[in-house]
>>> print(open('my_file_7.cif').read())   # mmCIF, C-alpha atoms and all ligand atoms
data_protein
#
loop_
_atom_site.group_PDB
_atom_site.id
_atom_site.type_symbol
_atom_site.label_atom_id
_atom_site.label_comp_id
_atom_site.auth_asym_id
_atom_site.auth_seq_id
_atom_site.Cartn_x
_atom_site.Cartn_y
_atom_site.Cartn_z
ATOM 1 C CA MET Z 1 -7.909 25.008 -19.348
ATOM 2 C CA ALA Z 2 -5.831 23.301 -16.671
ATOM 3 C CA VAL Z 3 -3.499 25.581 -14.723
ATOM 4 C CA PHE Z 4 -0.613 23.135 -15.046
ATOM 5 C CA ASN Z 5 -0.354 22.747 -18.839
ATOM 6 C CA ASP Z 6 -0.810 24.552 -22.153
ATOM 7 C CA LEU Z 7 -3.097 22.016 -23.807
ATOM 8 C CA ASN Z 8 -5.598 23.574 -26.131
ATOM 9 C CA LEU Z 9 -8.896 21.784 -25.608
ATOM 10 C CA GLU Z 10 -10.580 23.445 -28.558
ATOM 11 C CA ASN Z 11 -9.379 20.552 -30.712
ATOM 12 C CA TRP Z 12 -9.219 17.951 -27.954
ATOM 13 C CA LYS Z 13 -10.279 15.137 -30.283
ATOM 14 C CA GLU Z 14 -7.002 15.459 -32.202
ATOM 15 C CA SER Z 15 -4.818 15.687 -29.098
ATOM 16 C CA GLU Z 16 -1.748 13.426 -29.034
ATOM 17 C CA ILE Z 17 -2.005 13.184 -25.234
ATOM 18 C CA LEU Z 18 -2.696 9.683 -23.949
ATOM 19 C CA THR Z 19 -5.414 9.509 -21.313
ATOM 20 C CA ASP Z 20 -5.794 5.738 -20.880
ATOM 21 C CA SER Z 21 -3.973 3.863 -18.118
ATOM 22 C CA LEU Z 22 -2.560 1.381 -20.670
ATOM 23 C CA TRP Z 23 0.166 2.686 -22.971
ATOM 24 C CA VAL Z 24 1.127 0.401 -25.812
ATOM 25 C CA ILE Z 25 3.880 2.161 -27.715
ATOM 26 C CA LYS Z 26 5.175 0.119 -30.640
ATOM 27 C CA GLU Z 27 8.322 1.998 -31.526
ATOM 28 C CA ARG Z 28 10.877 4.196 -29.798
ATOM 29 C CA ASP Z 29 11.034 7.783 -31.038
ATOM 30 C CA LYS Z 30 14.510 8.088 -32.569
ATOM 31 C CA SER Z 31 14.143 11.634 -33.831
ATOM 32 C CA GLY Z 32 16.275 14.638 -32.879
ATOM 33 C CA LYS Z 33 18.966 14.092 -30.267
ATOM 34 C CA HIS Z 34 17.640 10.719 -29.079
ATOM 35 C CA SER Z 35 20.295 8.162 -29.931
ATOM 36 C CA ASN Z 36 19.446 5.086 -27.804
ATOM 37 C CA PHE Z 37 23.118 4.365 -26.948
ATOM 38 C CA TYR Z 38 22.407 3.981 -23.242
ATOM 39 C CA HIS Z 39 21.394 0.592 -21.885
ATOM 40 C CA GLY Z 40 18.614 1.295 -19.385
ATOM 41 C CA ASN Z 41 17.193 4.461 -20.934
ATOM 42 C CA PHE Z 42 13.456 4.999 -21.352
ATOM 43 C CA ILE Z 43 11.636 5.806 -24.565
ATOM 44 C CA PRO Z 44 11.346 9.567 -25.306
ATOM 45 C CA GLN Z 45 7.561 9.262 -25.562
ATOM 46 C CA ILE Z 46 7.402 8.931 -21.756
ATOM 47 C CA PRO Z 47 8.886 12.361 -20.871
ATOM 48 C CA HIS Z 48 7.191 13.809 -23.994
ATOM 49 C CA GLN Z 49 3.736 12.867 -22.731
ATOM 50 C CA LEU Z 50 4.449 13.874 -19.124
ATOM 51 C CA ILE Z 51 5.951 17.268 -19.983
ATOM 52 C CA LEU Z 52 3.051 18.215 -22.264
ATOM 53 C CA ARG Z 53 0.439 17.020 -19.797
ATOM 54 C CA TYR Z 54 1.928 18.480 -16.615
ATOM 55 C CA THR Z 55 3.888 21.630 -17.475
ATOM 56 C CA LYS Z 56 3.599 24.935 -19.253
ATOM 57 C CA LYS Z 57 6.253 26.509 -21.471
ATOM 58 C CA ASN Z 58 9.107 28.133 -19.556
ATOM 59 C CA GLU Z 59 8.555 26.009 -16.450
ATOM 60 C CA VAL Z 60 11.315 23.810 -15.017
ATOM 61 C CA VAL Z 61 11.441 20.026 -15.416
ATOM 62 C CA PHE Z 62 13.676 18.058 -13.041
ATOM 63 C CA ASP Z 63 15.177 14.560 -13.412
ATOM 64 C CA PRO Z 64 17.404 13.208 -10.586
ATOM 65 C CA PHE Z 65 18.399 10.109 -12.627
ATOM 66 C CA VAL Z 66 19.013 11.820 -15.966
ATOM 67 C CA GLY Z 67 21.200 9.060 -17.496
ATOM 68 C CA SER Z 68 21.675 9.676 -21.222
ATOM 69 C CA GLY Z 69 19.438 12.782 -21.132
ATOM 70 C CA THR Z 70 16.172 11.596 -22.657
ATOM 71 C CA THR Z 71 14.178 13.973 -20.416
ATOM 72 C CA ALA Z 72 16.614 16.839 -21.084
ATOM 73 C CA PHE Z 73 16.182 16.540 -24.862
ATOM 74 C CA GLU Z 74 12.388 16.406 -24.616
ATOM 75 C CA ALA Z 75 12.327 19.428 -22.298
ATOM 76 C CA GLU Z 76 14.473 21.363 -24.784
ATOM 77 C CA THR Z 77 12.283 20.407 -27.753
ATOM 78 C CA LEU Z 78 9.104 21.342 -25.898
ATOM 79 C CA GLY Z 79 10.395 24.685 -24.625
ATOM 80 C CA ARG Z 80 10.867 23.868 -20.950
ATOM 81 C CA HIS Z 81 13.840 24.603 -18.720
ATOM 82 C CA PHE Z 82 15.610 21.592 -17.295
ATOM 83 C CA ILE Z 83 17.792 20.464 -14.378
ATOM 84 C CA GLY Z 84 19.260 16.972 -14.368
ATOM 85 C CA VAL Z 85 21.415 14.977 -11.960
ATOM 86 C CA ASP Z 86 23.268 11.721 -12.417
ATOM 87 C CA ILE Z 87 25.864 9.994 -10.296
ATOM 88 C CA GLN Z 88 28.076 9.296 -13.335
ATOM 89 C CA LYS Z 89 30.338 12.242 -14.006
ATOM 90 C CA ASP Z 90 31.315 11.150 -17.561
ATOM 91 C CA LEU Z 91 27.701 10.901 -18.574
ATOM 92 C CA ILE Z 92 26.971 14.392 -17.263
ATOM 93 C CA GLU Z 93 29.999 15.904 -19.026
ATOM 94 C CA LYS Z 94 28.881 14.308 -22.299
ATOM 95 C CA LEU Z 95 25.321 15.516 -21.817
ATOM 96 C CA LYS Z 96 26.466 19.083 -21.166
ATOM 97 C CA THR Z 97 27.922 19.166 -24.674
ATOM 98 C CA LYS Z 98 24.660 17.935 -26.224
ATOM 99 C CA VAL Z 99 22.107 20.345 -24.762
ATOM 100 C CA ASP Z 100 21.985 23.770 -26.354
ATOM 101 C CA ASN Z 101 21.131 25.950 -23.316
ATOM 102 C CA LYS Z 102 20.028 28.829 -25.518
ATOM 103 C CA GLU Z 103 16.401 29.856 -25.188
ATOM 104 C CA TYR Z 104 15.782 27.488 -22.268
ATOM 105 C CA PHE Z 105 18.385 26.607 -19.646
ATOM 106 C CA SER Z 106 19.448 22.989 -19.309
ATOM 107 C CA GLU Z 107 21.740 22.489 -16.342
ATOM 108 C CA MET Z 108 23.403 19.212 -15.376
ATOM 109 C CA ILE Z 109 24.989 18.205 -12.087
ATOM 110 C CA SER Z 110 26.972 15.072 -11.323
ATOM 111 C CA GLY Z 111 26.211 13.808 -7.849
ATOM 112 C CA ASP Z 112 24.253 11.482 -5.647
ATOM 113 C CA SER Z 113 20.587 12.490 -5.679
ATOM 114 C CA SER Z 114 20.022 10.992 -2.240
ATOM 115 C CA LYS Z 115 22.400 13.565 -0.704
ATOM 116 C CA ASP Z 116 21.483 17.024 0.626
ATOM 117 C CA THR Z 117 24.764 18.388 -0.765
ATOM 118 C CA THR Z 118 23.602 17.623 -4.312
ATOM 119 C CA PHE Z 119 20.314 19.436 -3.716
ATOM 120 C CA TYR Z 120 22.180 22.376 -2.304
ATOM 121 C CA LYS Z 121 23.653 22.693 -5.830
ATOM 122 C CA VAL Z 122 20.227 22.249 -7.426
ATOM 123 C CA ASN Z 123 18.889 25.072 -5.258
ATOM 124 C CA GLU Z 124 21.846 27.253 -6.265
ATOM 125 C CA ILE Z 125 20.892 26.745 -9.913
ATOM 126 C CA LEU Z 126 17.257 27.611 -9.224
ATOM 127 C CA LYS Z 127 18.369 30.771 -7.455
ATOM 128 C CA LYS Z 128 20.746 31.703 -10.278
ATOM 129 C CA GLN Z 129 17.962 31.173 -12.834
ATOM 130 C CA LYS Z 130 15.486 33.143 -10.696
ATOM 131 C CA LYS Z 131 13.140 30.200 -10.257
ATOM 132 C CA ASN Z 132 11.599 29.207 -6.920
ATOM 133 C CA ASN Z 133 11.037 25.555 -7.660
ATOM 134 C CA VAL Z 134 10.539 22.900 -10.312
ATOM 135 C CA SER Z 135 7.118 22.210 -11.840
ATOM 136 C CA LEU Z 136 7.500 18.545 -12.767
ATOM 137 C CA ALA Z 137 9.836 15.792 -11.559
ATOM 138 C CA ILE Z 138 10.454 12.636 -13.580
ATOM 139 C CA LEU Z 139 12.219 9.841 -11.692
ATOM 140 C CA HIS Z 140 13.519 6.802 -13.558
ATOM 141 C CA PRO Z 141 15.719 5.050 -11.000
ATOM 142 C CA PRO Z 142 17.649 1.822 -11.531
ATOM 143 C CA TYR Z 143 15.266 -1.107 -11.166
ATOM 144 C CA ALA Z 144 17.301 -2.111 -8.083
ATOM 145 C CA ASP Z 145 20.128 -4.398 -9.288
ATOM 146 C CA ILE Z 146 18.688 -5.470 -12.674
ATOM 147 C CA ILE Z 147 21.174 -3.286 -14.595
ATOM 148 C CA LYS Z 148 24.391 -2.257 -12.881
ATOM 149 C CA PHE Z 149 25.012 1.323 -14.014
ATOM 150 C CA SER Z 150 28.460 1.935 -12.491
ATOM 151 C CA ASP Z 151 30.883 0.764 -9.812
ATOM 152 C CA LEU Z 152 30.105 3.766 -7.650
ATOM 153 C CA LYS Z 153 29.205 2.917 -4.075
ATOM 154 C CA ASP Z 154 26.236 5.291 -3.938
ATOM 155 C CA ASP Z 155 24.784 4.170 -7.257
ATOM 156 C CA LEU Z 156 21.353 2.800 -6.300
ATOM 157 C CA SER Z 157 21.930 -0.181 -8.603
ATOM 158 C CA ASN Z 158 24.714 -1.266 -6.233
ATOM 159 C CA GLU Z 159 22.642 -1.329 -3.048
ATOM 160 C CA LYS Z 160 23.133 -4.623 -1.234
ATOM 161 C CA SER Z 161 19.503 -5.286 -0.394
ATOM 162 C CA LEU Z 162 16.001 -4.284 -1.401
ATOM 163 C CA GLU Z 163 15.640 -2.390 1.900
ATOM 164 C CA GLU Z 164 18.770 -0.328 1.196
ATOM 165 C CA PHE Z 165 17.614 0.398 -2.352
ATOM 166 C CA LEU Z 166 14.220 1.598 -1.095
ATOM 167 C CA TYR Z 167 15.828 3.686 1.630
ATOM 168 C CA GLY Z 168 18.142 5.386 -0.916
ATOM 169 C CA PHE Z 169 15.234 5.924 -3.302
ATOM 170 C CA SER Z 170 13.107 7.469 -0.543
ATOM 171 C CA LEU Z 171 15.894 9.986 0.154
ATOM 172 C CA VAL Z 172 15.897 10.969 -3.541
ATOM 173 C CA LEU Z 173 12.118 11.341 -3.365
ATOM 174 C CA LYS Z 174 12.321 13.468 -0.217
ATOM 175 C CA ASN Z 175 14.925 15.776 -1.767
ATOM 176 C CA THR Z 176 12.909 16.043 -4.975
ATOM 177 C CA ILE Z 177 9.675 16.843 -3.140
ATOM 178 C CA SER Z 178 11.500 19.665 -1.335
ATOM 179 C CA ILE Z 179 12.033 21.529 -4.641
ATOM 180 C CA LEU Z 180 8.699 20.636 -6.289
ATOM 181 C CA GLU Z 181 6.073 23.344 -6.517
ATOM 182 C CA LYS Z 182 2.915 22.749 -4.465
ATOM 183 C CA ASP Z 183 -0.004 21.163 -6.369
ATOM 184 C CA ARG Z 184 2.320 19.887 -9.087
ATOM 185 C CA TYR Z 185 3.311 16.435 -10.293
ATOM 186 C CA LEU Z 186 6.005 13.813 -9.832
ATOM 187 C CA ALA Z 187 6.271 10.676 -11.967
ATOM 188 C CA ILE Z 188 8.086 7.442 -11.144
ATOM 189 C CA ILE Z 189 8.953 5.075 -13.978
ATOM 190 C CA ILE Z 190 9.837 1.635 -12.662
ATOM 191 C CA GLY Z 191 9.492 -2.086 -13.373
ATOM 192 C CA ASP Z 192 9.375 -5.189 -11.195
ATOM 193 C CA LYS Z 193 11.962 -7.945 -10.963
ATOM 194 C CA TYR Z 194 12.487 -11.594 -10.131
ATOM 195 C CA THR Z 195 14.897 -12.699 -7.446
ATOM 196 C CA ALA Z 196 15.479 -16.333 -6.532
ATOM 197 C CA GLY Z 197 12.259 -17.457 -8.200
ATOM 198 C CA GLN Z 198 10.164 -14.777 -6.522
ATOM 199 C CA TRP Z 199 8.386 -11.800 -8.179
ATOM 200 C CA ILE Z 200 9.549 -8.661 -6.363
ATOM 201 C CA PRO Z 201 6.940 -5.896 -6.854
ATOM 202 C CA LEU Z 202 9.508 -3.088 -6.942
ATOM 203 C CA GLY Z 203 6.985 -0.753 -8.521
ATOM 204 C CA PHE Z 204 4.557 -1.081 -5.633
ATOM 205 C CA TYR Z 205 7.333 -0.786 -3.047
ATOM 206 C CA CYS Z 206 8.484 2.481 -4.675
ATOM 207 C CA MET Z 207 4.880 3.696 -4.846
ATOM 208 C CA ASN Z 208 4.600 2.983 -1.140
ATOM 209 C CA GLU Z 209 7.706 5.109 -0.415
ATOM 210 C CA ALA Z 210 6.140 8.033 -2.292
ATOM 211 C CA GLN Z 211 2.858 7.689 -0.403
ATOM 212 C CA LYS Z 212 4.697 7.509 2.939
ATOM 213 C CA LEU Z 213 6.181 10.909 2.080
ATOM 214 C CA GLY Z 214 2.709 12.410 1.670
ATOM 215 C CA LEU Z 215 2.345 12.382 -2.127
ATOM 216 C CA THR Z 216 -1.111 11.650 -3.505
ATOM 217 C CA LEU Z 217 -1.274 8.833 -6.044
ATOM 218 C CA LYS Z 218 -3.107 10.047 -9.170
ATOM 219 C CA SER Z 219 -2.533 7.228 -11.691
ATOM 220 C CA ILE Z 220 -0.773 3.958 -12.283
ATOM 221 C CA ILE Z 221 -0.103 3.581 -15.994
ATOM 222 C CA ILE Z 222 0.981 0.246 -17.396
ATOM 223 C CA LYS Z 223 3.335 0.571 -20.355
ATOM 224 C CA ASN Z 224 4.390 -2.244 -22.635
ATOM 225 C CA MET Z 225 8.066 -3.167 -22.852
ATOM 226 C CA GLU Z 226 8.966 -4.124 -26.410
ATOM 227 C CA GLY Z 227 12.432 -4.716 -27.819
ATOM 228 C CA ASN Z 228 14.010 -4.849 -24.365
ATOM 229 C CA ARG Z 229 17.685 -5.173 -25.236
ATOM 230 C CA ALA Z 230 18.456 -7.842 -22.668
ATOM 231 C CA LYS Z 231 15.785 -10.028 -24.213
ATOM 232 C CA GLN Z 232 16.279 -9.093 -27.868
ATOM 233 C CA ASN Z 233 16.451 -12.057 -30.247
ATOM 234 C CA LYS Z 234 15.865 -14.366 -27.309
ATOM 235 C CA GLU Z 235 12.061 -14.259 -27.271
ATOM 236 C CA GLY Z 236 11.845 -17.973 -28.139
ATOM 237 C CA ILE Z 237 14.172 -19.049 -25.372
ATOM 238 C CA TRP Z 238 12.316 -16.928 -22.793
ATOM 239 C CA ARG Z 239 8.990 -18.352 -23.902
ATOM 240 C CA TYR Z 240 10.287 -21.921 -23.720
ATOM 241 C CA ARG Z 241 11.671 -21.304 -20.236
ATOM 242 C CA ALA Z 242 8.390 -19.745 -19.070
ATOM 243 C CA LEU Z 243 6.339 -22.624 -20.524
ATOM 244 C CA SER Z 244 8.508 -25.225 -18.861
ATOM 245 C CA SER Z 245 8.292 -23.439 -15.532
ATOM 246 C CA ASP Z 246 5.733 -21.447 -13.544
ATOM 247 C CA TYR Z 247 6.386 -17.781 -14.279
ATOM 248 C CA TYR Z 248 5.435 -15.051 -16.751
ATOM 249 C CA ILE Z 249 7.774 -12.906 -18.860
ATOM 250 C CA PHE Z 250 7.955 -9.222 -17.916
ATOM 251 C CA LYS Z 251 6.312 -7.196 -20.665
ATOM 252 C CA HIS Z 252 5.315 -4.102 -18.748
ATOM 253 C CA GLU Z 253 6.589 -1.344 -16.537
ATOM 254 C CA TYR Z 254 4.808 1.337 -14.517
ATOM 255 C CA ILE Z 255 4.467 5.069 -14.858
ATOM 256 C CA MET Z 256 3.108 6.278 -11.537
ATOM 257 C CA ILE Z 257 1.834 9.815 -11.261
ATOM 258 C CA PHE Z 258 1.723 11.622 -7.919
ATOM 259 C CA LYS Z 259 0.664 15.081 -6.835
ATOM 260 C CA LYS Z 260 2.238 17.186 -4.105
ATOM 261 C CA SER Z 261 -0.390 18.903 -1.966
HETATM 262 C C1 LIG Z 301 17.294 3.858 -15.384
HETATM 263 S S1 LIG Z 301 18.635 4.970 -15.591
HETATM 264 C C2 LIG Z 301 17.901 6.456 -16.167
HETATM 265 C C3 LIG Z 301 17.909 6.516 -17.673
HETATM 266 C C4 LIG Z 301 17.333 7.784 -18.261
HETATM 267 N N1 LIG Z 301 15.914 7.911 -18.018
HETATM 268 C C5 LIG Z 301 17.596 7.789 -19.766
HETATM 269 O O1 LIG Z 301 16.623 7.749 -20.554
HETATM 270 O O2 LIG Z 301 18.751 7.754 -20.168
HETATM 271 C C6 LIG Z 301 19.072 5.320 -13.946
HETATM 272 C C7 LIG Z 301 20.226 6.299 -13.781
HETATM 273 O O3 LIG Z 301 20.372 6.591 -12.383
HETATM 274 C C8 LIG Z 301 21.729 6.869 -12.127
HETATM 275 N N2 LIG Z 301 21.910 6.753 -10.664
HETATM 276 C C9 LIG Z 301 22.006 5.639 -9.913
HETATM 277 N N3 LIG Z 301 22.126 5.958 -8.615
HETATM 278 C C10 LIG Z 301 22.089 7.307 -8.534
HETATM 279 C C11 LIG Z 301 22.151 8.235 -7.449
HETATM 280 N N4 LIG Z 301 22.283 7.816 -6.197
HETATM 281 N N5 LIG Z 301 22.089 9.557 -7.739
HETATM 282 C C12 LIG Z 301 21.970 9.994 -9.029
HETATM 283 N N6 LIG Z 301 21.915 9.154 -10.091
HETATM 284 C C13 LIG Z 301 21.958 7.829 -9.845
HETATM 285 C C14 LIG Z 301 22.477 5.874 -12.985
HETATM 286 O O4 LIG Z 301 23.789 6.316 -13.274
HETATM 287 C C15 LIG Z 301 21.587 5.815 -14.252
HETATM 288 O O5 LIG Z 301 22.076 6.650 -15.256
#
>>> encode(input="my_file_7.cif", output="structure tokens")
Amino acid sequence: MAVFNDLNLENWKESEILTDSLWVIKERDKSGKHSNFYHGNFIPQIPHQLILRYTKKNEVVFDPFVGSGTTAFEAETLGRHFIGVDIQKDLIEKLKTKVDNKEYFSEMISGDSSKDTTFYKVNEILKKQKKNNVSLAILHPPYADIIKFSDLKDDLSNEKSLEEFLYGFSLVLKNTISILEKDRYLAIIIGDKYTAGQWIPLGFYCMNEAQKLGLTLKSIIIKNMEGNRAKQNKEGIWRYRALSSDYYIFKHEYIMIFKKS
């Protein structure tokens, strides 16, 4: 059995864990606390798969871009402790009322994940909870400026250029790596974008930032994007535009898995 999860391989044929690098997930899991109110959230199946594959019960999962709390709810359901950060204070206050914090702690901080001061608070929580580090980090940053999440200056979706976005993201990565247990995993969920008629491979740029910081790339998973709200009910128009021009319609995003050595 792997040292980094609780999977029981006695009945491996029935396992729900995906092992292919192509994930086609037809429908969002809407069970439990997942409400899908937040534009720009990811489907719960992503943290569900990652938590089961890369952590054991009672370990700590960390998400520096927690948003509406999809990772927090999955961690709670699967019996993992959780620490989440988001730059939007309102969102964090709302999330605090939704997590139960009973058997497993679920602590939320509002702050800028690229700042050392925010990670000082994260470390305080770890100390208070008598934990040395986190065992899995799930990072779902803004896809640069595709969705503007707030008016806050330090919100990564407000960075003025691709270079500034990548610099800010690399600081979040560096801070996150500092609290990640050795030999454990970090996942980046990201998509690409078009700017001025040019495909910008955001996913690969972010992957590059992680590799520059010494993380080992373990997998690049391609996941389908269905029912993307921005494109909902406009499939026909997008297809017509694509056919009358020279581009393809985004239908995928990346889940990149790294290991800290
Ligand atoms: C793509 S969303 C994450 C959504 C989340 N996975 C969910 O399912 O709800 C990105 C989040 O990053 C937050 N964010 C942007 N810049 C940030 C920063 N510098 N520090 C912390 N959070 C930030 C935004 O407020 C937004 O909620």
>>> closest_residue(input="my_file_7.cif", among="Z:Asp155, Z:Glu181, Z:Glu107, Z:Asp20", to="Lys259 (chain Z)", atoms="all atoms listed in the file")
Z:Glu181
>>> closest_atom_pairs(input="my_file_7.cif", of="chain Z", to="ligand LIG 301 (chain Z)", cutoff="9 Å", atoms="all atoms listed in the file", output="CSV")
residue,atom,partner,partner_atom,distance
Z:Asn36,CA,Z:LIG301,O2,8.1
Z:Phe37,CA,Z:LIG301,O2,8.7
Z:Tyr38,CA,Z:LIG301,O2,6.1
Z:His39,CA,Z:LIG301,O2,7.8
Z:Gly40,CA,Z:LIG301,C1,4.9
Z:Asn41,CA,Z:LIG301,O1,3.4
Z:Phe42,CA,Z:LIG301,O1,4.3
Z:Ile43,CA,Z:LIG301,O1,6.7
Z:Pro44,CA,Z:LIG301,O1,7.3
Z:Pro47,CA,Z:LIG301,N1,8.8
Z:Asp63,CA,Z:LIG301,N1,8.1
Z:Pro64,CA,Z:LIG301,C12,5.8
Z:Phe65,CA,Z:LIG301,O3,4.0
Z:Val66,CA,Z:LIG301,C4,4.9
Z:Gly67,CA,Z:LIG301,O5,3.4
Z:Ser68,CA,Z:LIG301,O2,3.7
Z:Gly69,CA,Z:LIG301,O2,5.2
Z:Thr70,CA,Z:LIG301,O1,4.4
Z:Thr71,CA,Z:LIG301,O1,6.7
Z:Val85,CA,Z:LIG301,C12,5.8
Z:Asp86,CA,Z:LIG301,N6,3.7
Z:Ile87,CA,Z:LIG301,N6,4.0
Z:Gln88,CA,Z:LIG301,O4,5.2
Z:Lys89,CA,Z:LIG301,O4,8.9
Z:Leu91,CA,Z:LIG301,O5,7.8
Z:Ser110,CA,Z:LIG301,C12,7.5
Z:Gly111,CA,Z:LIG301,C12,5.8
Z:Asp112,CA,Z:LIG301,N5,3.6
Z:Ser113,CA,Z:LIG301,N5,3.9
Z:Ser114,CA,Z:LIG301,N4,5.6
Z:Lys115,CA,Z:LIG301,N4,8.0
Z:Thr118,CA,Z:LIG301,N5,8.9
Z:Ile138,CA,Z:LIG301,N1,8.5
Z:Leu139,CA,Z:LIG301,N1,7.6
Z:His140,CA,Z:LIG301,C2,5.1
Z:Pro141,CA,Z:LIG301,C6,4.5
Z:Pro142,CA,Z:LIG301,C1,4.4
Z:Tyr143,CA,Z:LIG301,C1,6.8
Z:Ile147,CA,Z:LIG301,C1,8.2
Z:Lys148,CA,Z:LIG301,C14,8.4
Z:Phe149,CA,Z:LIG301,O4,5.2
Z:Ser150,CA,Z:LIG301,O4,6.5
Z:Leu152,CA,Z:LIG301,N3,8.3
Z:Lys153,CA,Z:LIG301,N4,8.7
Z:Asp154,CA,Z:LIG301,N4,5.2
Z:Asp155,CA,Z:LIG301,N3,3.5
Z:Leu156,CA,Z:LIG301,N3,4.0
Z:Ser157,CA,Z:LIG301,C9,6.0
Z:Asn158,CA,Z:LIG301,N3,8.0
Z:Gly168,CA,Z:LIG301,N4,7.1
Z:Phe169,CA,Z:LIG301,N4,7.9
Z:Val172,CA,Z:LIG301,N4,7.6
Z:Ile189,CA,Z:LIG301,N1,8.5
Z:Ile190,CA,Z:LIG301,C1,8.2
>>> atom_distance(input="my_file_7.cif", atom1="CA of His252 (chain Z)", atom2="CA of Lys193 (chain Z)")
10.9 Å
>>> closest_residue(input="my_file_7.cif", among="Z:Asn175, Z:Asn8, Z:Asn224, Z:Ser135", to="Asn123 (chain Z)", atoms="only C-alpha atoms")
Z:Asn175
>>> resolve_selection(input="my_file_7.cif", expression="the PyMOL selection byres (((chain Z and resi 191) around 6) and not hetatm)", output="PyMOL selection string")
chain Z and resi 190+192+203+253-254
>>> resolve_selection(input="my_file_7.cif", expression="the PyMOL selection byres (((chain Z and resi 250) around 12) and not hetatm)", output="number ranges by chain")
Z: 191-194, 199-201, 222-228, 230-231, 235, 238-239, 242, 247-249, 251-254
>>> resolve_selection(input="my_file_7.cif", expression="the PyMOL selection byres (((chain Z and resi 166) around 9) and not hetatm)", output="MDAnalysis selection string")
chainID Z and resid 144 156 161:165 167:171 202 205:206 209
>>> closest_residue(input="my_file_7.cif", among="Z:Val134, Z:Tyr185, Z:Arg241, Z:Phe258", to="Asn208 (chain Z)", atoms="only C-alpha atoms")
Z:Phe258
>>> residues_near_point(input="my_file_7.cif", point="(3.6, 11.9, -23.3)", cutoff="12 Å", atoms="all atoms listed in the file", output="number ranges by chain")
Z: 15-20, 23, 25, 29, 43-55, 71, 74-75, 78, 138, 187, 221, 223, 255
>>> residues_around(input="my_file_7.cif", residues="Asp183 (chain Z)", least_positions_apart="5", cutoff="9 Å", atoms="all atoms listed in the file", output="list in words")
Phe4, Lys259, Lys260 and Ser261 of chain Z
>>> atom_distance(input="my_file_7.cif", atom1="CA of Gly84 (chain Z)", atom2="CA of Val99 (chain Z)")
11.3 Å
>>> atom_distance(input="my_file_7.cif", atom1="CA of Asp100 (chain Z)", atom2="CA of Lys130 (chain Z)")
19.4 Å
>>> closest_residue(input="my_file_7.cif", among="Z:Asn133, Z:Ser219, Z:Gln211, Z:Ser244", to="Lys182 (chain Z)", atoms="all atoms listed in the file")
Z:Asn133
